[in-house]
Amino acid sequence: MEYAVKIKDVRLDDANKALAKRLGISERFLSLLLSRGIGADEVEQYLHPSFEQLGSPFDIDGMREASDRLRRAIDGKERVLIYGDYDCDGICAVSILTLFLRDKTDVTYFIPDRNKDGYGISRSALERAFAAGKPSLVITVDCGITAVSETEYIKSLGIDVIVTDHHEPQEQIPDCIVVDPKLDRRGFYELCGAGVALKLVEAMSSRQEAQKYFDIAAIATIADVVPLVSDNRVIAYFGLKQITNSPRKGIKMLLGQESVSSQDVMFRLAPRMNAAGRLGSAMKVIGLFTESDYFMLKTLSEELARDNSRRQDMCEVVVEEAKSMLKGADFNDLGIIALYGENWEAGVIGIAAARLVEEFKRPAVLFAKNGDELKGSARSVPGVNIFELFSNLNDYFTTFGGHAQAAGVGMKLENFEAFRQAANRLILSEHPAKDFIPPIACEMELDKNSDCIAFAKELELMEPTGYGNARPTFLMRDVSCNFERIGFTQHVKCADKRLDILGFSRFYEALGYNSGKMDMEVTLSLNVFQNNVTAQAGLRSFRLKEVALSDDDAACMNVHGLALEGKADIEGIDADKIVELLSKPFGTLIVCFCKADIDRVTGLCKEAASLPVYVGGMPALNPENAIVLCPGSLFDYGYYQNIIIAGDPISEGLIAHMGKRVYALEGLSVAPPAISDATLRAIFRELAALSKSVDRAGSMRKIYMALRSRYKVSEQTFLIAMRIFDELGIAAVSDRGRISVSRSPVRLADSATYRNIRHADA
């Protein structure tokens, strides 16, 4: 893993310096904006969005014909059916048109069932939609651009059709009025489905009328991950203000907070709205926008919260099963992750695919199986256009649609393996394996001694942030930090007068000790607590530059290996073999247990010296060749084909836990520490006394510091004793820092950790 910095030097010409002064912003902030492709003449509009920046709805081909046909329907009081997709975007698009039309004509809406009907428009779903009464006009929203035969079926019933969509058109489009900004790409064409519906309202009435629905369109714009630039930025900017200042009752009840950001929409609101459609019917979600009865909305919000909880559990099952399937794979030959599960739910595979993309840095498509049919959902990485890729594989699919970063497909089960191999070959022909170790791109470097508060205030002007207008990240070089646990959480913090650095749970094991100098990728924001404003850096990733982990701290980090037992099969290895294994970018991990081990292996093999070094864990599951120092108890070795041990492990069970292909440098020996029974009894006695005198002792290190004042013992010995006591059930420390002690009689030999340290005496 490498870091890349977009802006290496802040150098502006005189004109841009004058622009920064006129706008009241720093030259550093202006440089950041200009580097994103925002022209000098566009900066003021970017910082201060206005309704005047919106393009005309008639820039979209077909909009005039659509508005004319809908106006005739209103004049004739025709029955109009709005047919929408089941995701957040489709729900919002349906809601916008329903609210606009419900006092003007006879309007109904229909959203298909994901599990029954699949993606897009189907004849069976249309038959159910028409069962309540045949309309004279069908308007599709957020779907329909590929529904050629389905449109013909609707027309055969004497029903007119207007397709409004934003997905990529294929060679043939429906023979009806079509409103899709991607057809001719005039003006701004990156609207979501609800954005297109909003434009139709404006074309039918006025911009002032359309502004009533900006809040709904903003939710869809953020949730559907369309670029937050141009029209989308204006919609999201004013829509979020509308949600904050005068929220609809349903949204206020669902969120339960005053101020709403793009992050709140993306990670709290949209998942709850999507959950209903993922697990069944999304029809009920329309009520969030169209109903006002308190008890109905309360029931609906509670139901959506339950649906979302179920969705999270189901998604976790898919993710864990998919990750298990990938163990043992050679990632050097894996360009796309393509898997199906016998019992996977179609409604969660898209989210699960996105999780795999995040972990393994390559496209993923997951399928739910229904008989001999597969329904799939794909997500991609920035460098791979999944829509173009799948367009070249269209012969394998029964259904297909999507855009650059996401797609939905259907296929026969019998075609899966051929599709998987063809997709993999196609990607690897254009993207060698090393492309899937992308450098982490940061906007610019950040000096923690600079005025971070003032800069963080300027960064707030970039909101709303999201896809296409991402929250900026910064590189902090050569940082030495002493992180401490935040309260009783699994999060860590390094406090400084100018800048606090926070690392959340996945960094806890790696940053529990002073590891050394590191480069860090961080975000920057303001934190206000009790009227005190501070700058806060959120840790996204880090890479060690200079290892400073002491031998004592390393010994403490290795203690968990004593809980593992088993016999290991180890092969010897020399420098030539290491070079051979490292010739491919994935699958080889060098495990070290102290700083001297790193020095030894990098001195033996110069290729190893160029590898990234991590402490405790890895930034993702993507098995790039690397050195890991003191891998933690949760470290997963299953994605590596070759494990090289360059030091003395604390137990043979730890080696057995690593996998089948384990190599060792010459001279390896298993080295568990020796601790006497008398020492264990003394530690237990002092711990019992401490539990009576202290209500909440805090972290394990604080407990050790308190105990050491009464009984001199190394921290490693204390941690080993605590692990033995925990395994025997006679002492434990809760997540809240409470010490509990039991004097029930036990046999020390019933502890795996105790059995391992006894091997030291043998």
# chains A, B, ... in the order shown; residues from 1 in each chain; ligands from 1
>>> residues_around(residues="region 434-447 of chain A", least_positions_apart="4", cutoff="8 Å", atoms="only C-alpha atoms", output="PyMOL selection string")
chain A and resi 1-8+32+360-362+472-477+521+585+624
>>> closest_atom_pairs(of="region 191-270 of chain A", to="region 65-86 of chain A", cutoff="9 Å", atoms="only C-alpha atoms", output="CSV")
residue,atom,partner,partner_atom,distance
A:Leu200,CA,A:Ser67,CA,6.7
A:Val201,CA,A:Ser67,CA,8.4
A:Ala203,CA,A:Ser67,CA,6.3
A:Met204,CA,A:Ser67,CA,5.5
>>> write_last_selection(atoms="N, CA and C atoms", output="CSV table (one decimal), in the first residue's frame")
chain,number,residue,atom,x,y,z
A,200,LEU,N,-39.2,16.6,-14.3
A,200,LEU,CA,-40.5,16.5,-14.9
A,200,LEU,C,-41.5,17.4,-14.2
A,201,VAL,N,-41.5,17.5,-12.9
A,201,VAL,CA,-42.4,18.4,-12.2
A,201,VAL,C,-42.1,19.8,-12.6
A,203,ALA,N,-40.8,20.9,-15.4
A,203,ALA,CA,-41.3,21.1,-16.8
A,203,ALA,C,-42.8,21.2,-16.8
A,204,MET,N,-43.5,20.5,-15.9
A,204,MET,CA,-45.0,20.6,-15.9
A,204,MET,C,-45.5,21.8,-15.2
>>> closest_residue(among="A:Thr299, A:Ser515, A:Ser669, A:Ser742", to="Ser651 (chain A)", atoms="only C-alpha atoms")
A:Ser669
>>> residues_around(residues="Asp89 (chain A)", least_positions_apart="4", cutoff="9 Å", atoms="only C-alpha atoms", output="number ranges by chain")
A: 84-85, 93-94, 141-142, 192-195, 217, 219-221, 223-224
>>> write_last_selection(atoms="N, CA and C atoms", output="PDB file, in the first residue's frame")
ATOM      1  N   GLY A  84     -42.373   2.356 -10.194  1.00  0.00           N
ATOM      2  CA  GLY A  84     -41.019   2.706  -9.770  1.00  0.00           C
ATOM      3  C   GLY A  84     -40.194   1.535  -9.311  1.00  0.00           C
ATOM      4  N   ASP A  85     -38.893   1.755  -9.197  1.00  0.00           N
ATOM      5  CA  ASP A  85     -37.980   0.737  -8.694  1.00  0.00           C
ATOM      6  C   ASP A  85     -38.107   0.652  -7.173  1.00  0.00           C
ATOM      7  N   ALA A  93     -38.562   8.831  -6.221  1.00  0.00           N
ATOM      8  CA  ALA A  93     -39.115   9.284  -7.495  1.00  0.00           C
ATOM      9  C   ALA A  93     -40.629   9.081  -7.533  1.00  0.00           C
ATOM     10  N   VAL A  94     -41.083   7.917  -7.080  1.00  0.00           N
ATOM     11  CA  VAL A  94     -42.520   7.648  -7.009  1.00  0.00           C
ATOM     12  C   VAL A  94     -43.199   8.670  -6.104  1.00  0.00           C
ATOM     13  N   VAL A 141     -40.465   5.338 -13.351  1.00  0.00           N
ATOM     14  CA  VAL A 141     -39.436   6.188 -12.742  1.00  0.00           C
ATOM     15  C   VAL A 141     -38.300   5.298 -12.249  1.00  0.00           C
ATOM     16  N   ASP A 142     -37.086   5.726 -12.514  1.00  0.00           N
ATOM     17  CA  ASP A 142     -35.876   5.003 -12.098  1.00  0.00           C
ATOM     18  C   ASP A 142     -35.798   3.607 -12.713  1.00  0.00           C
ATOM     19  N   CYS A 192     -30.075  11.330 -10.731  1.00  0.00           N
ATOM     20  CA  CYS A 192     -30.637  10.047 -10.324  1.00  0.00           C
ATOM     21  C   CYS A 192     -32.080   9.975 -10.835  1.00  0.00           C
ATOM     22  N   GLY A 193     -32.761   8.856 -10.567  1.00  0.00           N
ATOM     23  CA  GLY A 193     -34.137   8.704 -11.026  1.00  0.00           C
ATOM     24  C   GLY A 193     -35.066   9.744 -10.443  1.00  0.00           C
ATOM     25  N   ALA A 194     -34.904  10.046  -9.157  1.00  0.00           N
ATOM     26  CA  ALA A 194     -35.738  11.068  -8.519  1.00  0.00           C
ATOM     27  C   ALA A 194     -35.411  12.446  -9.057  1.00  0.00           C
ATOM     28  N   GLY A 195     -34.147  12.669  -9.446  1.00  0.00           N
ATOM     29  CA  GLY A 195     -33.778  13.946 -10.059  1.00  0.00           C
ATOM     30  C   GLY A 195     -34.488  14.150 -11.380  1.00  0.00           C
ATOM     31  N   ALA A 217     -35.808  14.555  -3.287  1.00  0.00           N
ATOM     32  CA  ALA A 217     -34.807  14.337  -4.338  1.00  0.00           C
ATOM     33  C   ALA A 217     -33.395  14.299  -3.759  1.00  0.00           C
ATOM     34  N   ILE A 219     -32.471  13.122  -0.831  1.00  0.00           N
ATOM     35  CA  ILE A 219     -32.259  11.797  -0.229  1.00  0.00           C
ATOM     36  C   ILE A 219     -31.858  10.798  -1.310  1.00  0.00           C
ATOM     37  N   ALA A 220     -32.590  10.804  -2.429  1.00  0.00           N
ATOM     38  CA  ALA A 220     -32.290   9.876  -3.516  1.00  0.00           C
ATOM     39  C   ALA A 220     -30.939  10.174  -4.154  1.00  0.00           C
ATOM     40  N   THR A 221     -30.632  11.450  -4.336  1.00  0.00           N
ATOM     41  CA  THR A 221     -29.377  11.853  -4.974  1.00  0.00           C
ATOM     42  C   THR A 221     -28.179  11.361  -4.172  1.00  0.00           C
ATOM     43  N   ALA A 223     -28.291   8.906  -1.769  1.00  0.00           N
ATOM     44  CA  ALA A 223     -28.359   7.459  -1.576  1.00  0.00           C
ATOM     45  C   ALA A 223     -27.973   6.688  -2.833  1.00  0.00           C
ATOM     46  N   ASP A 224     -28.269   7.244  -4.015  1.00  0.00           N
ATOM     47  CA  ASP A 224     -28.022   6.500  -5.254  1.00  0.00           C
ATOM     48  C   ASP A 224     -26.607   6.686  -5.778  1.00  0.00           C
TER      49      ASP A 224
END
>>> atom_distance(atom1="CA of Glu373 (chain A)", atom2="CA of Gln172 (chain A)")
24.5 Å
>>> atom_distance(atom1="CA of Phe29 (chain A)", atom2="CA of Asp496 (chain A)")
23.0 Å
>>> select_by_dssp(residues="region 309-517 of chain A", states="helix (DSSP H, G or I)", output="number ranges by chain")
A: 309-326, 331-333, 349-360, 386-391, 394-396, 413-430, 433-436, 452-462, 505-507
>>> residues_around(residues="region 227-229 of chain A", least_positions_apart="3", cutoff="12 Å", atoms="only C-alpha atoms", output="JSON, numbers by chain")
{"A": [36, 37, 38, 42, 45, 46, 47, 49, 53, 54, 188, 189, 190, 191, 192, 195, 218, 219, 220, 221, 222, 223, 224, 232, 233, 234, 235, 236, 237, 262, 404, 405, 462, 463, 464, 465, 466, 467, 468, 469, 470, 471]}
>>> write_last_selection(atoms="C-alpha atoms", output="PDB file, in the first residue's frame")
ATOM      1  CA  ARG A  36     -10.759  18.885  -8.227  1.00  0.00           C
ATOM      2  CA  GLY A  37     -11.415  20.438 -11.593  1.00  0.00           C
ATOM      3  CA  ILE A  38     -13.524  23.324 -10.302  1.00  0.00           C
ATOM      4  CA  GLU A  42     -16.928  28.262 -10.803  1.00  0.00           C
ATOM      5  CA  GLN A  45     -20.952  29.081  -7.340  1.00  0.00           C
ATOM      6  CA  TYR A  46     -19.568  25.897  -5.772  1.00  0.00           C
ATOM      7  CA  LEU A  47     -19.187  27.522  -2.360  1.00  0.00           C
ATOM      8  CA  PRO A  49     -25.069  27.101  -4.495  1.00  0.00           C
ATOM      9  CA  GLN A  53     -27.394  27.234 -11.264  1.00  0.00           C
ATOM     10  CA  LEU A  54     -29.884  24.500 -12.211  1.00  0.00           C
ATOM     11  CA  PHE A 188     -26.059  17.787 -17.019  1.00  0.00           C
ATOM     12  CA  TYR A 189     -26.853  14.084 -17.430  1.00  0.00           C
ATOM     13  CA  GLU A 190     -25.810  12.518 -14.092  1.00  0.00           C
ATOM     14  CA  LEU A 191     -29.184  12.897 -12.345  1.00  0.00           C
ATOM     15  CA  CYS A 192     -30.637  10.047 -10.324  1.00  0.00           C
ATOM     16  CA  GLY A 195     -33.778  13.946 -10.059  1.00  0.00           C
ATOM     17  CA  ALA A 218     -31.805  15.086  -2.084  1.00  0.00           C
ATOM     18  CA  ILE A 219     -32.259  11.797  -0.229  1.00  0.00           C
ATOM     19  CA  ALA A 220     -32.290   9.876  -3.516  1.00  0.00           C
ATOM     20  CA  THR A 221     -29.377  11.853  -4.974  1.00  0.00           C
ATOM     21  CA  ILE A 222     -27.154  11.046  -2.001  1.00  0.00           C
ATOM     22  CA  ALA A 223     -28.359   7.459  -1.576  1.00  0.00           C
ATOM     23  CA  ASP A 224     -28.022   6.500  -5.254  1.00  0.00           C
ATOM     24  CA  ASN A 232     -27.032  17.303  -8.004  1.00  0.00           C
ATOM     25  CA  ARG A 233     -25.043  19.529  -5.642  1.00  0.00           C
ATOM     26  CA  VAL A 234     -27.771  22.192  -5.724  1.00  0.00           C
ATOM     27  CA  ILE A 235     -30.489  19.599  -5.097  1.00  0.00           C
ATOM     28  CA  ALA A 236     -28.583  17.991  -2.217  1.00  0.00           C
ATOM     29  CA  TYR A 237     -27.531  21.336  -0.708  1.00  0.00           C
ATOM     30  CA  SER A 262     -25.214  13.756   3.741  1.00  0.00           C
ATOM     31  CA  ALA A 404     -20.475   2.386 -14.351  1.00  0.00           C
ATOM     32  CA  GLN A 405     -20.177   1.335 -10.720  1.00  0.00           C
ATOM     33  CA  MET A 462     -17.687  21.613   0.719  1.00  0.00           C
ATOM     34  CA  GLU A 463     -20.791  19.985   2.171  1.00  0.00           C
ATOM     35  CA  PRO A 464     -22.757  18.070   1.142  1.00  0.00           C
ATOM     36  CA  THR A 465     -20.006  15.590   0.354  1.00  0.00           C
ATOM     37  CA  GLY A 466     -20.372  12.217  -1.281  1.00  0.00           C
ATOM     38  CA  TYR A 467     -19.632  10.518  -4.585  1.00  0.00           C
ATOM     39  CA  GLY A 468     -18.129  12.996  -7.061  1.00  0.00           C
ATOM     40  CA  ASN A 469     -17.545  15.484  -4.251  1.00  0.00           C
ATOM     41  CA  ALA A 470     -15.860  13.249  -1.733  1.00  0.00           C
ATOM     42  CA  ARG A 471     -14.926  14.336   1.733  1.00  0.00           C
TER      43      ARG A 471
END
>>> residues_around(residues="Ala608 (chain A)", least_positions_apart="3", cutoff="12 Å", atoms="only C-alpha atoms", output="VMD selection string")
chain A and resid 575 to 583 585 588 to 591 597 to 605 611 to 613 625 to 628 644 646
>>> residues_around(residues="region 545-547 of chain A", least_positions_apart="2", cutoff="7 Å", atoms="only C-alpha atoms", output="PDB file with C-alpha atoms, in the first residue's frame")
ATOM      1  CA  ASP A 478       6.195  10.770   9.937  1.00  0.00           C
ATOM      2  CA  SER A 515       4.400   1.429  17.199  1.00  0.00           C
ATOM      3  CA  GLY A 516       6.709   4.096  15.783  1.00  0.00           C
ATOM      4  CA  LYS A 517       6.622   6.738  13.070  1.00  0.00           C
ATOM      5  CA  MET A 518       3.871   6.321  10.525  1.00  0.00           C
ATOM      6  CA  ASP A 519       2.191   7.936   7.572  1.00  0.00           C
ATOM      7  CA  ARG A 543       1.542   2.598   7.210  1.00  0.00           C
ATOM      8  CA  LEU A 549       7.745  -1.094  19.068  1.00  0.00           C
ATOM      9  CA  LYS A 595      11.521  -5.449  15.575  1.00  0.00           C
TER      10      LYS A 595
END
>>> residues_around(residues="region 337-339 of chain A", least_positions_apart="6", cutoff="7 Å", atoms="only C-alpha atoms", output="PyMOL selection string")
chain A and resi 363-367+420
>>> select_by_dssp(residues="region 96-172 of chain A", states="strand (DSSP E or B)", output="number ranges by chain")
A: 106-110, 137-141, 160-164
>>> decode(residues="region 689-716 of chain A", atoms="N, CA and C atoms", output="PDB file, in the first residue's frame")
ATOM      1  N   ALA A 689      -7.844  -8.319  45.598  1.00  0.00           N
ATOM      2  CA  ALA A 689      -7.827  -7.160  46.490  1.00  0.00           C
ATOM      3  C   ALA A 689      -8.160  -5.878  45.721  1.00  0.00           C
ATOM      4  N   LEU A 690      -7.639  -5.770  44.500  1.00  0.00           N
ATOM      5  CA  LEU A 690      -7.897  -4.591  43.682  1.00  0.00           C
ATOM      6  C   LEU A 690      -9.377  -4.489  43.308  1.00  0.00           C
ATOM      7  N   SER A 691     -10.013  -5.626  43.057  1.00  0.00           N
ATOM      8  CA  SER A 691     -11.429  -5.618  42.671  1.00  0.00           C
ATOM      9  C   SER A 691     -12.314  -5.074  43.781  1.00  0.00           C
ATOM     10  N   LYS A 692     -11.875  -5.178  45.020  1.00  0.00           N
ATOM     11  CA  LYS A 692     -12.660  -4.681  46.152  1.00  0.00           C
ATOM     12  C   LYS A 692     -12.454  -3.185  46.381  1.00  0.00           C
ATOM     13  N   SER A 693     -11.311  -2.687  45.965  1.00  0.00           N
ATOM     14  CA  SER A 693     -10.993  -1.283  46.249  1.00  0.00           C
ATOM     15  C   SER A 693     -11.277  -0.342  45.088  1.00  0.00           C
ATOM     16  N   VAL A 694     -11.460  -0.897  43.886  1.00  0.00           N
ATOM     17  CA  VAL A 694     -11.672  -0.068  42.697  1.00  0.00           C
ATOM     18  C   VAL A 694     -12.972  -0.483  42.024  1.00  0.00           C
ATOM     19  N   ASP A 695     -13.852   0.505  41.761  1.00  0.00           N
ATOM     20  CA  ASP A 695     -15.125   0.195  41.111  1.00  0.00           C
ATOM     21  C   ASP A 695     -14.922  -0.069  39.623  1.00  0.00           C
ATOM     22  N   ARG A 696     -14.317   0.895  38.944  1.00  0.00           N
ATOM     23  CA  ARG A 696     -14.015   0.741  37.531  1.00  0.00           C
ATOM     24  C   ARG A 696     -12.535   1.006  37.311  1.00  0.00           C
ATOM     25  N   ALA A 697     -11.829  -0.032  36.923  1.00  0.00           N
ATOM     26  CA  ALA A 697     -10.382   0.112  36.773  1.00  0.00           C
ATOM     27  C   ALA A 697      -9.989   0.611  35.391  1.00  0.00           C
ATOM     28  N   GLY A 698     -10.892   0.499  34.427  1.00  0.00           N
ATOM     29  CA  GLY A 698     -10.582   0.977  33.085  1.00  0.00           C
ATOM     30  C   GLY A 698      -9.935  -0.088  32.238  1.00  0.00           C
ATOM     31  N   SER A 699      -8.982   0.299  31.425  1.00  0.00           N
ATOM     32  CA  SER A 699      -8.352  -0.614  30.483  1.00  0.00           C
ATOM     33  C   SER A 699      -7.456  -1.610  31.208  1.00  0.00           C
ATOM     34  N   MET A 700      -7.065  -2.671  30.468  1.00  0.00           N
ATOM     35  CA  MET A 700      -6.192  -3.685  31.037  1.00  0.00           C
ATOM     36  C   MET A 700      -4.851  -3.074  31.454  1.00  0.00           C
ATOM     37  N   ARG A 701      -4.375  -2.101  30.696  1.00  0.00           N
ATOM     38  CA  ARG A 701      -3.102  -1.478  31.059  1.00  0.00           C
ATOM     39  C   ARG A 701      -3.224  -0.716  32.370  1.00  0.00           C
ATOM     40  N   LYS A 702      -4.343  -0.024  32.578  1.00  0.00           N
ATOM     41  CA  LYS A 702      -4.530   0.704  33.834  1.00  0.00           C
ATOM     42  C   LYS A 702      -4.636  -0.256  35.016  1.00  0.00           C
ATOM     43  N   ILE A 703      -5.259  -1.407  34.769  1.00  0.00           N
ATOM     44  CA  ILE A 703      -5.316  -2.420  35.826  1.00  0.00           C
ATOM     45  C   ILE A 703      -3.907  -2.899  36.150  1.00  0.00           C
ATOM     46  N   TYR A 704      -3.111  -3.114  35.107  1.00  0.00           N
ATOM     47  CA  TYR A 704      -1.737  -3.549  35.344  1.00  0.00           C
ATOM     48  C   TYR A 704      -0.945  -2.512  36.132  1.00  0.00           C
ATOM     49  N   MET A 705      -1.091  -1.241  35.772  1.00  0.00           N
ATOM     50  CA  MET A 705      -0.352  -0.193  36.470  1.00  0.00           C
ATOM     51  C   MET A 705      -0.739  -0.140  37.947  1.00  0.00           C
ATOM     52  N   ALA A 706      -2.029  -0.340  38.229  1.00  0.00           N
ATOM     53  CA  ALA A 706      -2.476  -0.341  39.629  1.00  0.00           C
ATOM     54  C   ALA A 706      -1.933  -1.553  40.365  1.00  0.00           C
ATOM     55  N   LEU A 707      -1.931  -2.708  39.710  1.00  0.00           N
ATOM     56  CA  LEU A 707      -1.451  -3.926  40.365  1.00  0.00           C
ATOM     57  C   LEU A 707       0.060  -3.890  40.560  1.00  0.00           C
ATOM     58  N   ARG A 708       0.772  -3.296  39.606  1.00  0.00           N
ATOM     59  CA  ARG A 708       2.233  -3.254  39.696  1.00  0.00           C
ATOM     60  C   ARG A 708       2.704  -2.451  40.907  1.00  0.00           C
ATOM     61  N   SER A 709       1.901  -1.483  41.316  1.00  0.00           N
ATOM     62  CA  SER A 709       2.287  -0.700  42.490  1.00  0.00           C
ATOM     63  C   SER A 709       2.252  -1.547  43.757  1.00  0.00           C
ATOM     64  N   ARG A 710       1.561  -2.693  43.672  1.00  0.00           N
ATOM     65  CA  ARG A 710       1.451  -3.575  44.843  1.00  0.00           C
ATOM     66  C   ARG A 710       2.329  -4.816  44.698  1.00  0.00           C
ATOM     67  N   TYR A 711       2.532  -5.240  43.435  1.00  0.00           N
ATOM     68  CA  TYR A 711       3.280  -6.477  43.206  1.00  0.00           C
ATOM     69  C   TYR A 711       4.071  -6.330  41.916  1.00  0.00           C
ATOM     70  N   LYS A 712       5.394  -6.401  41.990  1.00  0.00           N
ATOM     71  CA  LYS A 712       6.262  -6.180  40.838  1.00  0.00           C
ATOM     72  C   LYS A 712       6.237  -7.394  39.913  1.00  0.00           C
ATOM     73  N   VAL A 713       5.765  -7.160  38.678  1.00  0.00           N
ATOM     74  CA  VAL A 713       5.692  -8.233  37.695  1.00  0.00           C
ATOM     75  C   VAL A 713       5.669  -7.573  36.318  1.00  0.00           C
ATOM     76  N   SER A 714       6.178  -8.251  35.297  1.00  0.00           N
ATOM     77  CA  SER A 714       6.172  -7.664  33.953  1.00  0.00           C
ATOM     78  C   SER A 714       4.748  -7.623  33.411  1.00  0.00           C
ATOM     79  N   GLU A 715       4.525  -6.721  32.450  1.00  0.00           N
ATOM     80  CA  GLU A 715       3.189  -6.614  31.875  1.00  0.00           C
ATOM     81  C   GLU A 715       2.817  -7.875  31.110  1.00  0.00           C
ATOM     82  N   GLN A 716       3.785  -8.484  30.432  1.00  0.00           N
ATOM     83  CA  GLN A 716       3.481  -9.724  29.718  1.00  0.00           C
ATOM     84  C   GLN A 716       3.032 -10.817  30.680  1.00  0.00           C
TER      85      GLN A 716
END
